[in-house]
>>> print(open('final_15.cif').read())   # mmCIF, C-alpha atoms and all ligand atoms
data_protein
#
loop_
_atom_site.label_atom_id
_atom_site.label_comp_id
_atom_site.auth_asym_id
_atom_site.auth_seq_id
_atom_site.Cartn_x
_atom_site.Cartn_y
_atom_site.Cartn_z
CA MET A 1 100.34 -30.21 -39.13
CA SER A 2 101.11 -27.77 -36.34
CA VAL A 3 98.68 -26.22 -33.92
CA LYS A 4 97.94 -22.57 -34.68
CA ILE A 5 96.53 -19.76 -32.57
CA LYS A 6 94.42 -17.51 -34.77
CA ILE A 7 93.85 -13.98 -33.49
CA LEU A 8 90.42 -13.09 -34.91
CA GLY A 9 89.76 -10.22 -32.50
CA SER A 10 91.26 -8.54 -29.38
CA GLY A 11 94.62 -8.27 -31.18
CA ARG A 12 96.20 -4.97 -30.05
CA GLU A 13 92.80 -3.69 -28.87
CA VAL A 14 90.65 -3.93 -25.76
CA GLY A 15 87.53 -6.02 -26.32
CA ARG A 16 86.21 -7.85 -29.42
CA ALA A 17 87.63 -11.09 -28.04
CA ALA A 18 87.87 -13.93 -30.60
CA ILE A 19 90.61 -16.56 -30.47
CA GLY A 20 90.73 -19.67 -32.67
CA ILE A 21 92.85 -22.71 -31.81
CA GLU A 22 93.37 -24.63 -35.06
CA LYS A 23 94.62 -28.10 -35.88
CA ASN A 24 94.25 -29.76 -39.32
CA GLY A 25 91.71 -27.14 -40.41
CA ARG A 26 89.47 -27.78 -37.39
CA ILE A 27 88.96 -24.89 -34.96
CA LEU A 28 88.00 -24.50 -31.32
CA LEU A 29 86.74 -20.92 -31.03
CA LEU A 30 87.14 -19.10 -27.71
CA ASP A 31 84.75 -16.12 -27.58
CA TYR A 32 83.36 -14.18 -30.53
CA GLY A 33 82.65 -10.64 -29.35
CA VAL A 34 82.08 -7.17 -30.76
CA ASN A 35 83.37 -3.69 -30.15
CA PHE A 36 81.39 -0.54 -30.96
CA ASP A 37 82.56 2.29 -33.22
CA GLU A 38 82.10 6.00 -32.50
CA ASN A 39 78.55 5.82 -33.90
CA ASP A 40 77.75 2.90 -31.62
CA GLN A 41 77.66 0.41 -34.49
CA PRO A 42 79.03 -3.06 -33.70
CA ILE A 43 82.37 -4.07 -35.25
CA PHE A 44 82.78 -7.81 -35.80
CA PRO A 45 85.93 -9.93 -35.47
CA GLU A 46 87.68 -11.60 -38.44
CA HIS A 47 85.58 -14.12 -40.29
CA VAL A 48 85.58 -17.80 -39.41
CA ARG A 49 83.64 -20.50 -41.31
CA PRO A 50 81.05 -22.05 -38.98
CA ARG A 51 81.51 -25.47 -40.61
CA ASP A 52 85.21 -25.47 -39.61
CA LEU A 53 84.32 -25.21 -35.92
CA ASP A 54 84.66 -28.20 -33.59
CA GLY A 55 83.16 -26.03 -30.90
CA VAL A 56 82.66 -22.53 -29.48
CA PHE A 57 83.33 -21.75 -25.82
CA LEU A 58 82.00 -18.44 -24.47
CA THR A 59 84.08 -17.42 -21.43
CA HIS A 60 81.57 -14.89 -20.05
CA SER A 61 78.57 -12.78 -20.96
CA HIS A 62 80.12 -9.36 -21.73
CA LEU A 63 79.23 -8.26 -25.28
CA ASP A 64 82.89 -7.88 -26.20
CA HIS A 65 83.06 -11.70 -25.79
CA ILE A 66 79.66 -12.86 -27.10
CA GLY A 67 78.23 -10.11 -29.35
CA ALA A 68 79.19 -11.71 -32.68
CA ALA A 69 78.60 -15.34 -31.64
CA PRO A 70 75.00 -15.67 -32.95
CA TYR A 71 76.31 -14.94 -36.44
CA LEU A 72 77.98 -18.39 -36.37
CA PHE A 73 74.60 -20.04 -35.81
CA VAL A 74 72.63 -18.52 -38.67
CA SER A 75 73.04 -21.41 -41.14
CA ILE A 76 74.32 -24.35 -39.07
CA LEU A 77 74.58 -25.09 -35.35
CA PRO A 78 78.18 -25.62 -34.23
CA ARG A 79 78.61 -27.01 -30.72
CA LEU A 80 78.38 -24.27 -28.11
CA TYR A 81 79.63 -24.45 -24.52
CA ALA A 82 79.27 -22.04 -21.61
CA LEU A 83 78.59 -21.96 -17.90
CA PRO A 84 74.87 -21.70 -17.02
CA VAL A 85 75.00 -18.07 -15.74
CA THR A 86 76.71 -17.00 -18.95
CA LEU A 87 73.90 -18.45 -21.04
CA ASP A 88 71.17 -16.73 -19.02
CA VAL A 89 72.84 -13.33 -18.96
CA SER A 90 73.85 -13.59 -22.64
CA ARG A 91 70.22 -13.89 -23.71
CA LEU A 92 69.33 -10.59 -22.01
CA LEU A 93 72.35 -8.74 -23.39
CA LEU A 94 72.00 -10.07 -26.94
CA TYR A 95 68.27 -9.24 -27.02
CA ASP A 96 69.11 -5.74 -25.78
CA MET A 97 71.79 -5.33 -28.46
CA ILE A 98 69.27 -6.40 -31.15
CA LYS A 99 66.84 -3.79 -29.82
CA LEU A 100 69.49 -1.06 -30.17
CA ASN A 101 71.38 -2.20 -33.29
CA GLY A 102 68.97 -4.63 -34.96
CA PRO A 103 69.22 -3.31 -38.55
CA TYR A 104 73.02 -3.54 -38.47
CA LEU A 105 73.19 -7.09 -37.19
CA PRO A 106 73.36 -10.24 -39.32
CA TYR A 107 71.15 -12.14 -36.84
CA ASP A 108 67.93 -11.71 -34.86
CA GLU A 109 66.27 -12.98 -31.66
CA ALA A 110 65.43 -16.31 -33.30
CA THR A 111 69.12 -16.90 -34.04
CA VAL A 112 69.97 -16.11 -30.41
CA ASP A 113 67.32 -18.60 -29.28
CA ASP A 114 68.68 -21.28 -31.64
CA MET A 115 72.20 -20.68 -30.40
CA LEU A 116 71.41 -20.69 -26.68
CA GLY A 117 68.78 -23.44 -26.91
CA HIS A 118 71.37 -25.75 -28.34
CA ALA A 119 74.20 -24.95 -25.87
CA GLU A 120 75.82 -27.51 -23.59
CA THR A 121 76.42 -26.26 -20.06
CA VAL A 122 79.84 -26.88 -18.56
CA HIS A 123 81.31 -26.18 -15.11
CA TYR A 124 84.66 -25.29 -13.56
CA GLY A 125 86.99 -28.28 -13.58
CA ASP A 126 84.99 -30.30 -16.17
CA THR A 127 87.01 -31.95 -18.92
CA VAL A 128 85.10 -31.34 -22.14
CA GLU A 129 85.70 -33.14 -25.47
CA ALA A 130 85.00 -31.03 -28.56
CA GLY A 131 86.15 -32.82 -31.72
CA MET A 132 89.91 -33.10 -31.60
CA PHE A 133 90.13 -30.63 -28.70
CA GLN A 134 89.84 -31.17 -24.99
CA PHE A 135 89.25 -28.22 -22.71
CA GLU A 136 88.71 -27.33 -19.08
CA PRO A 137 86.98 -24.15 -17.77
CA LEU A 138 88.84 -22.62 -14.79
CA TYR A 139 87.77 -20.01 -12.25
CA ASN A 140 89.16 -16.60 -13.28
CA GLY A 141 87.50 -14.14 -10.85
CA HIS A 142 86.20 -11.64 -13.45
CA ILE A 143 82.37 -11.75 -13.13
CA PRO A 144 79.90 -14.42 -11.95
CA GLY A 145 80.20 -17.47 -14.21
CA SER A 146 83.27 -16.21 -16.06
CA ALA A 147 86.00 -18.70 -16.92
CA ALA A 148 89.52 -19.03 -18.21
CA VAL A 149 90.01 -22.11 -20.35
CA LEU A 150 92.83 -24.66 -20.59
CA VAL A 151 92.87 -26.27 -24.05
CA HIS A 152 94.68 -29.53 -24.79
CA VAL A 153 95.43 -30.41 -28.39
CA ASP A 154 98.18 -32.47 -30.02
CA GLY A 155 100.47 -32.43 -26.96
CA HIS A 156 100.04 -28.68 -26.37
CA SER A 157 98.38 -27.06 -23.37
CA ILE A 158 97.12 -23.56 -24.04
CA LEU A 159 95.69 -21.39 -21.28
CA TYR A 160 93.42 -18.54 -22.37
CA THR A 161 92.75 -16.36 -19.32
CA SER A 162 90.00 -14.26 -20.95
CA ASP A 163 89.17 -11.23 -18.75
CA MET A 164 90.32 -12.09 -15.25
CA ASN A 165 90.64 -10.61 -11.78
CA THR A 166 93.14 -11.59 -9.11
CA VAL A 167 91.72 -9.78 -6.08
CA GLU A 168 88.67 -10.58 -3.99
CA THR A 169 85.63 -8.43 -4.71
CA LYS A 170 82.17 -8.47 -3.12
CA LEU A 171 80.92 -10.84 -5.85
CA MET A 172 83.98 -12.90 -6.71
CA GLU A 173 86.94 -14.79 -5.27
CA PRO A 174 90.36 -14.15 -6.87
CA ALA A 175 91.25 -16.19 -9.99
CA ARG A 176 92.38 -19.76 -9.29
CA LEU A 177 95.02 -20.32 -11.95
CA ASP A 178 98.03 -21.03 -9.75
CA GLY A 179 99.86 -24.23 -10.68
CA VAL A 180 98.15 -24.69 -14.06
CA LYS A 181 100.44 -26.49 -16.52
CA ALA A 182 100.55 -24.79 -19.94
CA ASP A 183 103.23 -24.21 -22.59
CA THR A 184 101.33 -21.22 -23.99
CA VAL A 185 99.34 -18.56 -22.16
CA ILE A 186 97.07 -16.17 -24.03
CA ILE A 187 96.50 -13.44 -21.46
CA GLU A 188 94.43 -10.26 -21.26
CA SER A 189 96.41 -7.04 -20.82
CA THR A 190 93.73 -4.35 -20.31
CA TYR A 191 95.59 -2.85 -17.31
CA GLY A 192 98.99 -4.38 -18.08
CA ALA A 193 101.05 -1.25 -17.43
CA SER A 194 99.59 0.01 -14.13
CA ASN A 195 98.37 -1.18 -10.76
CA HIS A 196 94.96 -0.62 -9.17
CA PRO A 197 94.84 0.84 -5.64
CA PRO A 198 94.02 -1.77 -2.96
CA ARG A 199 90.38 -2.76 -3.35
CA VAL A 200 89.36 -2.10 0.22
CA GLU A 201 90.72 1.47 0.00
CA THR A 202 88.51 2.10 -3.02
CA GLU A 203 85.50 0.64 -1.20
CA ASP A 204 86.15 2.79 1.89
CA HIS A 205 86.66 5.92 -0.17
CA PHE A 206 83.47 5.27 -2.14
CA TYR A 207 81.38 4.54 0.94
CA HIS A 208 82.56 7.62 2.83
CA SER A 209 82.03 9.84 -0.19
CA VAL A 210 78.46 8.54 -0.50
CA LEU A 211 77.84 9.26 3.18
CA GLU A 212 79.17 12.83 2.86
CA VAL A 213 76.70 13.57 0.09
CA VAL A 214 73.59 12.03 1.64
CA GLU A 215 74.30 13.45 5.10
CA GLN A 216 74.19 16.91 3.55
CA GLY A 217 70.87 16.21 1.92
CA GLY A 218 72.09 15.19 -1.56
CA THR A 219 71.37 12.22 -3.82
CA VAL A 220 74.13 10.11 -5.36
CA LEU A 221 73.71 8.76 -8.87
CA VAL A 222 75.89 5.72 -9.58
CA PRO A 223 75.68 5.00 -13.32
CA SER A 224 76.62 1.36 -13.59
CA PHE A 225 77.03 -1.55 -16.01
CA SER A 226 74.14 -3.98 -15.54
CA VAL A 227 76.41 -7.00 -15.49
CA SER A 228 78.30 -7.38 -12.22
CA ARG A 229 79.30 -3.77 -11.46
CA GLY A 230 75.78 -2.77 -10.35
CA GLN A 231 75.56 -5.80 -8.05
CA GLU A 232 79.06 -5.07 -6.72
CA ILE A 233 77.99 -1.55 -5.66
CA MET A 234 74.75 -2.90 -4.14
CA SER A 235 76.81 -5.39 -2.11
CA ILE A 236 79.24 -2.73 -0.83
CA LEU A 237 76.35 -0.60 0.45
CA ALA A 238 74.49 -3.58 1.95
CA GLU A 239 77.55 -4.98 3.71
CA ARG A 240 78.06 -1.71 5.56
CA GLY A 241 74.41 -1.38 6.48
CA PHE A 242 73.79 1.81 4.49
CA ASP A 243 70.77 3.44 6.10
CA TYR A 244 69.35 5.69 3.35
CA PRO A 245 67.08 4.65 0.48
CA VAL A 246 68.87 2.90 -2.40
CA TRP A 247 67.04 2.61 -5.73
CA ILE A 248 67.99 0.11 -8.42
CA ASP A 249 66.95 0.90 -11.99
CA GLY A 250 67.51 -0.67 -15.43
CA MET A 251 68.73 -4.10 -16.45
CA ILE A 252 70.70 -4.41 -13.19
CA ARG A 253 67.46 -5.75 -11.68
CA GLN A 254 67.10 -8.71 -14.06
CA ILE A 255 70.80 -9.57 -13.87
CA THR A 256 70.57 -9.53 -10.05
CA GLU A 257 67.75 -12.07 -10.26
CA ILE A 258 69.82 -14.32 -12.52
CA TYR A 259 72.82 -14.10 -10.17
CA LEU A 260 70.64 -14.95 -7.17
CA ALA A 261 69.20 -17.95 -9.01
CA HIS A 262 72.80 -19.17 -9.54
CA GLY A 263 74.08 -18.30 -6.06
CA GLU A 264 76.86 -20.93 -6.22
CA TYR A 265 78.76 -18.62 -8.61
CA LEU A 266 78.86 -15.78 -6.08
CA ARG A 267 81.48 -15.42 -3.37
CA ASP A 268 78.73 -14.57 -0.90
CA ALA A 269 75.23 -15.09 -2.28
CA GLY A 270 73.74 -14.08 1.09
CA LEU A 271 75.19 -10.59 0.75
CA LEU A 272 73.64 -9.93 -2.66
CA ALA A 273 70.33 -11.42 -1.44
CA LYS A 274 70.46 -9.03 1.53
CA ALA A 275 71.10 -6.09 -0.82
CA ALA A 276 68.22 -7.12 -3.09
CA SER A 277 65.85 -7.28 -0.14
CA MET A 278 67.06 -4.02 1.49
CA PHE A 279 66.99 -1.89 -1.66
CA ARG A 280 64.08 -0.72 -3.80
CA MET A 281 63.61 -1.79 -7.38
CA VAL A 282 62.30 1.05 -9.57
CA LYS A 283 59.07 -0.25 -11.05
CA GLY A 284 57.91 2.72 -13.12
CA TRP A 285 57.84 6.47 -13.60
CA GLN A 286 56.31 7.18 -10.23
CA ASP A 287 59.28 5.52 -8.48
CA ARG A 288 61.71 7.17 -10.87
CA ARG A 289 60.39 10.63 -10.05
CA ARG A 290 60.56 9.92 -6.33
CA ALA A 291 64.05 8.46 -6.35
CA TYR A 292 66.07 11.60 -7.08
CA LYS A 293 64.14 13.95 -4.84
CA ARG A 294 65.35 12.66 -1.48
CA PRO A 295 68.76 11.88 0.03
CA GLY A 296 69.87 8.41 -1.04
CA VAL A 297 71.59 6.47 -3.78
CA ILE A 298 70.39 5.53 -7.26
CA ILE A 299 72.25 2.69 -9.00
CA ALA A 300 71.16 2.73 -12.63
CA SER A 301 72.33 1.48 -16.03
CA ALA A 302 73.98 2.46 -18.35
CA GLY A 303 77.47 2.86 -16.92
CA MET A 304 78.79 5.55 -19.28
CA LEU A 305 75.54 7.58 -19.30
CA LYS A 306 74.96 6.91 -23.00
CA GLY A 307 71.34 5.95 -22.40
CA GLY A 308 69.03 4.04 -20.10
CA PRO A 309 67.65 5.34 -16.80
CA SER A 310 71.05 6.71 -15.66
CA LEU A 311 70.77 9.38 -18.37
CA TYR A 312 67.28 10.32 -17.18
CA TYR A 313 68.54 10.78 -13.61
CA LEU A 314 71.58 12.71 -14.77
CA LYS A 315 69.35 15.27 -16.50
CA LYS A 316 67.35 15.71 -13.31
CA MET A 317 70.34 15.84 -10.97
CA PHE A 318 73.36 17.47 -12.61
CA ALA A 319 72.43 21.10 -11.89
CA ASN A 320 72.12 20.69 -8.12
CA PRO A 321 75.45 21.10 -6.27
CA ARG A 322 74.16 19.00 -3.36
CA ASN A 323 73.95 15.91 -5.61
CA ALA A 324 76.78 13.71 -6.80
CA ILE A 325 77.55 11.61 -9.87
CA PHE A 326 79.88 8.78 -8.86
CA LEU A 327 81.31 6.91 -11.84
CA VAL A 328 82.42 3.38 -11.04
CA SER A 329 83.60 2.01 -14.37
CA TYR A 330 85.78 2.77 -17.36
CA GLN A 331 84.45 5.76 -19.35
CA ALA A 332 85.21 5.44 -23.06
CA PRO A 333 86.39 8.56 -24.95
CA GLY A 334 83.48 10.59 -26.31
CA THR A 335 80.87 9.19 -23.92
CA PRO A 336 78.83 11.57 -21.71
CA GLY A 337 80.51 10.01 -18.66
CA ARG A 338 83.99 10.85 -19.93
CA ARG A 339 82.97 14.43 -20.79
CA ILE A 340 81.47 15.02 -17.36
CA LEU A 341 84.64 13.69 -15.79
CA GLU A 342 87.14 15.58 -17.93
CA GLU A 343 85.30 18.74 -18.96
CA GLY A 344 82.61 19.05 -16.30
CA VAL A 345 79.92 19.60 -18.94
CA PHE A 346 76.91 17.72 -20.20
CA GLY A 347 74.88 17.60 -23.43
CA GLU A 348 75.13 19.45 -26.74
CA GLU A 349 74.82 22.84 -25.06
CA ASN A 350 77.79 22.05 -22.77
CA LEU A 351 75.77 22.66 -19.63
CA PRO A 352 78.02 22.91 -16.56
CA VAL A 353 77.65 19.99 -14.17
CA LEU A 354 77.25 21.46 -10.68
CA ALA A 355 76.86 18.14 -8.91
CA ARG A 356 80.00 16.64 -7.37
CA VAL A 357 81.68 14.28 -9.84
CA GLN A 358 84.10 11.50 -8.87
CA TRP A 359 85.52 8.34 -10.41
CA PHE A 360 86.31 5.16 -8.49
CA ASP A 361 88.52 2.29 -9.66
CA PHE A 362 86.30 -0.78 -9.27
CA SER A 363 87.81 -2.60 -12.22
CA SER A 364 87.04 -6.29 -12.66
CA HIS A 365 90.28 -6.72 -14.65
CA THR A 366 93.55 -7.57 -13.00
CA ASP A 367 96.55 -5.21 -13.23
CA LYS A 368 100.26 -5.46 -14.01
CA ARG A 369 101.05 -7.05 -10.66
CA GLY A 370 98.25 -9.61 -11.08
CA ILE A 371 99.26 -10.53 -14.64
CA LEU A 372 102.85 -11.17 -13.57
CA ARG A 373 101.70 -13.21 -10.58
CA VAL A 374 99.47 -15.39 -12.77
CA LEU A 375 102.29 -16.00 -15.25
CA ARG A 376 104.72 -16.86 -12.45
CA GLY A 377 102.28 -19.49 -11.23
CA VAL A 378 102.02 -21.33 -14.57
CA ARG A 379 104.17 -24.49 -14.81
CA GLY A 380 106.06 -25.36 -18.02
CA LEU A 381 105.47 -21.92 -19.58
CA GLU A 382 107.25 -21.33 -22.92
CA ARG A 383 105.41 -18.45 -24.54
CA VAL A 384 103.03 -15.64 -23.67
CA VAL A 385 100.59 -14.06 -26.10
CA LEU A 386 99.18 -10.68 -25.06
CA VAL A 387 95.63 -9.87 -26.19
CA HIS A 388 92.76 -7.56 -25.09
CA GLY A 389 94.98 -4.54 -24.49
CA ASP A 390 96.07 -1.22 -25.88
CA PRO A 391 99.32 -1.61 -27.91
CA ALA A 392 101.22 1.02 -25.85
CA VAL A 393 100.26 -0.78 -22.65
CA GLN A 394 101.15 -4.15 -24.18
CA ARG A 395 104.66 -3.03 -25.13
CA VAL A 396 105.40 -1.95 -21.55
CA LEU A 397 103.99 -5.20 -20.19
CA ALA A 398 105.90 -7.34 -22.72
CA GLU A 399 109.23 -5.92 -21.48
CA ARG A 400 108.33 -6.69 -17.88
CA VAL A 401 107.26 -10.24 -18.72
CA LYS A 402 110.51 -10.90 -20.64
CA GLU A 403 112.57 -9.53 -17.72
CA GLU A 404 110.71 -11.23 -14.90
CA ILE A 405 109.48 -14.49 -16.41
CA GLY A 406 112.11 -14.89 -19.12
CA VAL A 407 109.86 -16.31 -21.86
CA ASP A 408 108.99 -15.32 -25.41
CA VAL A 409 106.21 -12.67 -25.57
CA GLN A 410 104.14 -11.89 -28.65
CA ILE A 411 101.66 -9.10 -29.34
CA PRO A 412 99.78 -10.29 -32.44
CA GLY A 413 97.35 -8.11 -34.38
CA ASN A 414 93.98 -9.23 -35.72
CA GLY A 415 94.26 -11.69 -38.59
CA GLU A 416 97.66 -12.95 -37.41
CA GLU A 417 98.47 -16.56 -36.56
CA ILE A 418 100.96 -18.01 -34.11
CA VAL A 419 102.30 -21.44 -35.05
CA LEU A 420 103.22 -23.74 -32.16
CA ASP A 421 105.86 -26.32 -33.03
ZN ZN A 501 86.61 -8.18 -22.41
ZN ZN A 502 84.65 -8.97 -19.48
#
>>> encode(input="final_15.cif", output="structure tokens", more="lines below")
Ligand SMILES: [Zn+2]
Ligand SMILES: [Zn+2]
Amino acid sequence: MSVKIKILGSGREVGRAAIGIEKNGRILLLDYGVNFDENDQPIFPEHVRPRDLDGVFLTHSHLDHIGAAPYLFVSILPRLYALPVTLDVSRLLLYDMIKLNGPYLPYDEATVDDMLGHAETVHYGDTVEAGMFQFEPLYNGHIPGSAAVLVHVDGHSILYTSDMNTVETKLMEPARLDGVKADTVIIESTYGASNHPPRVETEDHFYHSVLEVVEQGGTVLVPSFSVSRGQEIMSILAERGFDYPVWIDGMIRQITEIYLAHGEYLRDAGLLAKAASMFRMVKGWQDRRRAYKRPGVIIASAGMLKGGPSLYYLKKMFANPRNAIFLVSYQAPGTPGRRILEEGVFGEENLPVLARVQWFDFSSHTDKRGILRVLRGVRGLERVVLVHGDPAVQRVLAERVKEEIGVDVQIPGNGEEIVLD
């Protein structure tokens, strides 16, 4: 029987990653994440029977890669593999998701504990045996502890990049996938049709914009994802010796502690440690009320201003033209962040935002150039499978890959299978 790639999620969509590699009815599952609908309810990937699993490998801790995984551990305990940082951060994020969406989820905290308590930790470069599959986690530059994975089964070598980054950031080195031997590459395509500006330009632009605001007596709110983006911004400010108060609020604090406890997964652990010691952690309402009243920076979750302390600060800060709201991540359609950016208004009453609003491209996903470079570096490549991307973007990218690399490119939807002969 042939090896099959089963697209259970992330087919012609960004997020909800879930890829099954199947041989003789046995499956190695790579990620099992969720997306959220317009009412913020989680959407699960296609179903997979837990008893058919030889193993589950979670590539990193973002909810679009882990959010549905506990569901597989409700009745039995399939083998679970992840890097240590991923396990620690996953617990926080899954608990938080249960707090917000508990009634809509088919699992609870106890399931999460069962799942994580039973996990086997793996490391970059390990060769792991899971039933009839052999796999190797590889450094992919996305966030601390994230991994691509090279799967060997029945003479095939399949590289799944997961979310990856090919440039150096404050937290991460570029992906190390050059020279990998694989007949099939399943590759993310989030930014497959465009290129990011050079990273250091974005950092310079951000830093100088922050200085402009604080030097004129304003406060900068940086709404930020708790996982990796918040620590990236902290590191940029610390590296340049930013001399005004910086406040850190929300889950960014706990994730920073986890990252510092696993310093070997950071490009420069000393830099994040310096940031954590220079900057002030918001410990309660007294700090929160102080933070926005003086010139300085507040880095707070959540990144799209849908909730969390960033929303509290926004309400206090948006009406003062001396302040600034600097958005540093993707803003999904319909979120308060997107509305502020595109319409300059906030809340149900469409209140005008008088604070300066700017968006900065600090993506932790590679771009078109990076995707092509990674594919060029793979030896023995025969086929490319695009996942984790918008279909319009994927079609543009597919043409480029066919032209430049000269291999077969597929853009499967969810529920589809690719048979390798
Ligand atoms: Zn993702
Ligand atoms: Zn990710």
>>> residues_near_point(input="final_15.cif", point="(97.7, -10.4, -25.5)", cutoff="12 Å", atoms="all atoms listed in the file", output="VMD selection string")
chain A and resid 5 7 9 to 15 17 to 19 159 to 163 184 to 192 371 383 to 395 397 to 398 401 409 to 414 418
>>> closest_atom_pairs(input="final_15.cif", of="chain A", to="ligand ZN 502 (chain A)", cutoff="9 Å", atoms="all atoms listed in the file", output="CSV")
residue,atom,partner,partner_atom,distance
A:Gly15,CA,A:ZN502,ZN,8.0
A:Thr59,CA,A:ZN502,ZN,8.7
A:His60,CA,A:ZN502,ZN,6.7
A:Ser61,CA,A:ZN502,ZN,7.3
A:His62,CA,A:ZN502,ZN,5.1
A:Leu63,CA,A:ZN502,ZN,8.0
A:Asp64,CA,A:ZN502,ZN,7.0
A:His65,CA,A:ZN502,ZN,7.1
A:His142,CA,A:ZN502,ZN,6.8
A:Ile143,CA,A:ZN502,ZN,7.3
A:Ser146,CA,A:ZN502,ZN,8.1
A:Ser162,CA,A:ZN502,ZN,7.7
A:Asp163,CA,A:ZN502,ZN,5.1
A:Met164,CA,A:ZN502,ZN,7.7
A:Ser364,CA,A:ZN502,ZN,7.7
A:His365,CA,A:ZN502,ZN,7.8
>>> atom_distance(input="final_15.cif", atom1="atom CA of A:Tyr139", atom2="atom CA of A:Tyr81")
15.4 Å
>>> closest_residue(input="final_15.cif", among="A:Asn35, A:Thr256, A:Gln134, A:Ser2", to="ligand ZN 501 (chain A)", atoms="all atoms listed in the file")
A:Asn35
>>> closest_residue(input="final_15.cif", among="A:Thr366, A:His156, A:Val128, A:Lys283", to="ligand ZN 501 (chain A)", atoms="only C-alpha atoms and all ligand atoms")
A:Thr366
>>> residues_around(input="final_15.cif", residues="A:Val85", least_positions_apart="5", cutoff="12 Å", atoms="only C-alpha atoms", output="ChimeraX atom specification")
/A:58-62,90-92,116,121-123,143-147,227-228,255-266
>>> atom_distance(input="final_15.cif", atom1="atom CA of A:Thr202", atom2="atom CA of A:Tyr313")
24.2 Å
>>> residues_around(input="final_15.cif", residues="A:Pro50", least_positions_apart="2", cutoff="10 Å", atoms="all atoms listed in the file", output="list of chain:residue names")
A:Ile27, A:Leu29, A:His47, A:Val48, A:Asp52, A:Leu53, A:Asp54, A:Gly55, A:Val56, A:Tyr71, A:Leu72, A:Phe73, A:Val74, A:Ser75, A:Ile76, A:Leu77, A:Pro78, A:Arg79
>>> closest_residue(input="final_15.cif", among="A:Gly303, A:Pro295, A:Gly141, A:Gly377", to="A:Trp359", atoms="only C-alpha atoms")
A:Gly303
>>> residues_around(input="final_15.cif", residues="A:Lys368", least_positions_apart="5", cutoff="6 Å", atoms="all atoms listed in the file", output="PyMOL selection string")
chain A and resi 192-195
>>> write_last_selection(input="final_15.cif", atoms="C-alpha atoms", output="PDB file, keeping the file's coordinate frame")
ATOM      1  CA  GLY A 192      98.990  -4.380 -18.080  1.00  0.00           C
ATOM      2  CA  ALA A 193     101.050  -1.250 -17.430  1.00  0.00           C
ATOM      3  CA  SER A 194      99.590   0.010 -14.130  1.00  0.00           C
ATOM      4  CA  ASN A 195      98.370  -1.180 -10.760  1.00  0.00           C
TER       5      ASN A 195
END
>>> axis_aligned_box(input="final_15.cif", around="stretch 45-63 of chain A", padding_each_side="4 Å", output="AutoDock Vina command-line options")
--center_x 83.1 --center_y -18.2 --center_z -30.7 --size_x 17.1 --size_y 27.9 --size_z 29.3
>>> atom_distance(input="final_15.cif", atom1="atom CA of A:Leu80", atom2="atom CA of A:Leu138")
17.0 Å
>>> residues_around(input="final_15.cif", residues="stretch 340-355 of chain A", least_positions_apart="5", cutoff="10 Å", atoms="all atoms listed in the file", output="PyMOL selection string")
chain A and resi 218-221+305+314-315+317-327+331+333+335
>>> closest_residue(input="final_15.cif", among="A:Arg51, A:Arg16, A:Lys170, A:Arg240", to="ligand ZN 501 (chain A)", atoms="only C-alpha atoms and all ligand atoms")
A:Arg16
>>> decode(input="final_15.cif", residues="stretch 114-123 of chain A", atoms="N, CA and C atoms", output="PDB file, in the first residue's frame")
ATOM      1  N   ASP A 114      -3.428  15.258  31.027  1.00  0.00           N
ATOM      2  CA  ASP A 114      -3.155  13.873  30.591  1.00  0.00           C
ATOM      3  C   ASP A 114      -2.256  13.881  29.362  1.00  0.00           C
ATOM      4  N   MET A 115      -2.635  14.729  28.398  1.00  0.00           N
ATOM      5  CA  MET A 115      -1.899  14.783  27.140  1.00  0.00           C
ATOM      6  C   MET A 115      -0.444  15.187  27.390  1.00  0.00           C
ATOM      7  N   LEU A 116      -0.254  16.305  28.090  1.00  0.00           N
ATOM      8  CA  LEU A 116       1.102  16.839  28.249  1.00  0.00           C
ATOM      9  C   LEU A 116       1.929  15.996  29.206  1.00  0.00           C
ATOM     10  N   GLY A 117       1.257  15.422  30.218  1.00  0.00           N
ATOM     11  CA  GLY A 117       1.959  14.607  31.208  1.00  0.00           C
ATOM     12  C   GLY A 117       2.550  13.352  30.590  1.00  0.00           C
ATOM     13  N   HIS A 118       2.007  12.968  29.454  1.00  0.00           N
ATOM     14  CA  HIS A 118       2.362  11.699  28.858  1.00  0.00           C
ATOM     15  C   HIS A 118       3.296  11.901  27.641  1.00  0.00           C
ATOM     16  N   ALA A 119       3.637  13.176  27.373  1.00  0.00           N
ATOM     17  CA  ALA A 119       4.433  13.493  26.171  1.00  0.00           C
ATOM     18  C   ALA A 119       5.883  13.047  26.311  1.00  0.00           C
ATOM     19  N   GLU A 120       6.492  12.730  25.177  1.00  0.00           N
ATOM     20  CA  GLU A 120       7.929  12.465  25.135  1.00  0.00           C
ATOM     21  C   GLU A 120       8.611  13.679  24.536  1.00  0.00           C
ATOM     22  N   THR A 121       9.628  14.214  25.229  1.00  0.00           N
ATOM     23  CA  THR A 121      10.321  15.372  24.675  1.00  0.00           C
ATOM     24  C   THR A 121      11.343  14.911  23.648  1.00  0.00           C
ATOM     25  N   VAL A 122      11.436  15.681  22.572  1.00  0.00           N
ATOM     26  CA  VAL A 122      12.414  15.402  21.514  1.00  0.00           C
ATOM     27  C   VAL A 122      13.197  16.693  21.266  1.00  0.00           C
ATOM     28  N   HIS A 123      14.293  16.584  20.519  1.00  0.00           N
ATOM     29  CA  HIS A 123      15.158  17.743  20.266  1.00  0.00           C
ATOM     30  C   HIS A 123      15.546  17.786  18.798  1.00  0.00           C
TER      31      HIS A 123
END
